[in-house]
Amino acid sequence: MPISLINTEHLDAIYEIDLKTNPSPWSFENLKSSIEVGHQGLVSIKDTKVIGFAMYSAIPPECHILNIAIDTKYQGTGEGALLLKRVIKQSKAMKIKTIYLEVRISNHKAINFYESFGFARDAIRDKYYPGNPREDALLMSISI
């Protein structure tokens with residue numbers, strides 16, 4: 001699938017994907033603001049339709065993955081791996097040394113996914129995610 005840089009034309013599609021896949025999705029305004037403040041992003045496109053996205057903040061020597069999601073119809077097809085590989089490749093080109101992220105402690109599928117790329121479990125951030133009850137985040141990182 002083609003992967004391209006995110007732009008405001010993709011906002012509706014990534015918002016819909018985030019609503020379907022994220023227990024505490026970003027607001028449309030937060031997604032728009034993230035792009036406007038200069039966070040980087042990629043979209044995966046199939047037949048002109050956005051089927052996944054990754055948003056990250058790269059400030060050398062670090063990169064922080066803010067959000068990565070694949071439409072439920074396309075999960076398990078390798079799209080997430082393609083996006084993460086591209087984030088890593090772009091980070092290397094920007095002289096990034098370490099990539100960080102947070103993931104819900106209960107999201108074993110995502111934790112296993114990141115570990116398959118070499119991300120390490122670093123720490124727990126108590127009650128990081130909203131909800132009732134709030135959920136802890138697992139902090140993960142990889143040196144590249």
# chains A, B, ... in the order shown; residues from 1 in each chain; ligands from 1
>>> closest_atom_pairs(of="segment 52-104 of chain A", to="segment 36-43 of chain A", cutoff="6 Å", atoms="only C-alpha atoms", output="JSON lines")
{"residue": "A:Gly52", "atom": "CA", "partner": "A:Val43", "partner_atom": "CA", "distance": 5.7}
{"residue": "A:Phe53", "atom": "CA", "partner": "A:Val43", "partner_atom": "CA", "distance": 4.3}
{"residue": "A:Ala54", "atom": "CA", "partner": "A:Leu42", "partner_atom": "CA", "distance": 5.2}
{"residue": "A:Met55", "atom": "CA", "partner": "A:Gly41", "partner_atom": "CA", "distance": 4.2}
{"residue": "A:Tyr56", "atom": "CA", "partner": "A:Gln40", "partner_atom": "CA", "distance": 5.3}
{"residue": "A:Ser57", "atom": "CA", "partner": "A:His39", "partner_atom": "CA", "distance": 4.9}
>>> residues_around(residues="segment 72-80 of chain A", least_positions_apart="6", cutoff="9 Å", atoms="only C-alpha atoms", output="PyMOL selection string")
chain A and resi 1+17+20-21+44+51-54+113
>>> select_by_dssp(residues="chain A", states="strand (DSSP E or B)", output="MDAnalysis selection string")
chainID A and resid 3:5 40:46 49:59 62:70 98:104 120:129 135:143
>>> residues_around(residues="segment 86-99 of chain A", least_positions_apart="2", cutoff="10 Å", atoms="only C-alpha atoms", output="VMD selection string")
chain A and resid 3 to 4 40 to 42 54 to 65 80 to 84 101 117 119 140 to 144
>>> write_last_selection(atoms="C-alpha atoms", output="PDB file, in the first residue's frame")
ATOM      1  CA  ILE A   3       2.328   5.481   2.361  1.00  0.00           C
ATOM      2  CA  SER A   4       2.334   9.260   2.181  1.00  0.00           C
ATOM      3  CA  GLN A  40       4.868  14.474  11.609  1.00  0.00           C
ATOM      4  CA  GLY A  41       2.433  11.926  10.298  1.00  0.00           C
ATOM      5  CA  LEU A  42       2.002   9.214   7.718  1.00  0.00           C
ATOM      6  CA  ALA A  54       0.908   7.173  12.428  1.00  0.00           C
ATOM      7  CA  MET A  55       1.544  10.488  14.148  1.00  0.00           C
ATOM      8  CA  TYR A  56       4.806  11.301  15.865  1.00  0.00           C
ATOM      9  CA  SER A  57       6.852  14.153  17.213  1.00  0.00           C
ATOM     10  CA  ALA A  58      10.474  14.117  16.113  1.00  0.00           C
ATOM     11  CA  ILE A  59      12.833  16.502  17.852  1.00  0.00           C
ATOM     12  CA  PRO A  60      16.368  15.130  17.439  1.00  0.00           C
ATOM     13  CA  PRO A  61      17.752  13.166  19.097  1.00  0.00           C
ATOM     14  CA  GLU A  62      14.341  11.763  20.142  1.00  0.00           C
ATOM     15  CA  CYS A  63      11.075  10.764  18.519  1.00  0.00           C
ATOM     16  CA  HIS A  64       7.825  10.174  20.358  1.00  0.00           C
ATOM     17  CA  ILE A  65       5.151   8.088  18.647  1.00  0.00           C
ATOM     18  CA  GLY A  80       0.912  -1.299  10.980  1.00  0.00           C
ATOM     19  CA  ALA A  81       4.342  -2.830  10.392  1.00  0.00           C
ATOM     20  CA  LEU A  82       4.767  -0.842   7.171  1.00  0.00           C
ATOM     21  CA  LEU A  83       3.900   2.402   8.974  1.00  0.00           C
ATOM     22  CA  LEU A  84       6.196   1.688  11.925  1.00  0.00           C
ATOM     23  CA  LEU A 101       5.915   5.549  23.022  1.00  0.00           C
ATOM     24  CA  PHE A 117      10.475  -4.455  16.407  1.00  0.00           C
ATOM     25  CA  PHE A 119      11.124  -1.943  21.627  1.00  0.00           C
ATOM     26  CA  MET A 140       8.569   1.597  25.686  1.00  0.00           C
ATOM     27  CA  SER A 141      11.609   2.676  23.687  1.00  0.00           C
ATOM     28  CA  ILE A 142      14.043   1.587  21.035  1.00  0.00           C
ATOM     29  CA  SER A 143      17.512   2.881  20.215  1.00  0.00           C
ATOM     30  CA  ILE A 144      18.082   3.193  16.495  1.00  0.00           C
TER      31      ILE A 144
END
>>> residues_around(residues="Leu19 of chain A", least_positions_apart="4", cutoff="12 Å", atoms="only C-alpha atoms", output="PyMOL selection string")
chain A and resi 12-15+23-28+31+69-72
>>> select_by_dssp(residues="chain A", states="helix (DSSP H, G or I)", output="VMD selection string")
chain A and resid 8 to 21 28 to 36 72 to 74 79 to 93 108 to 116
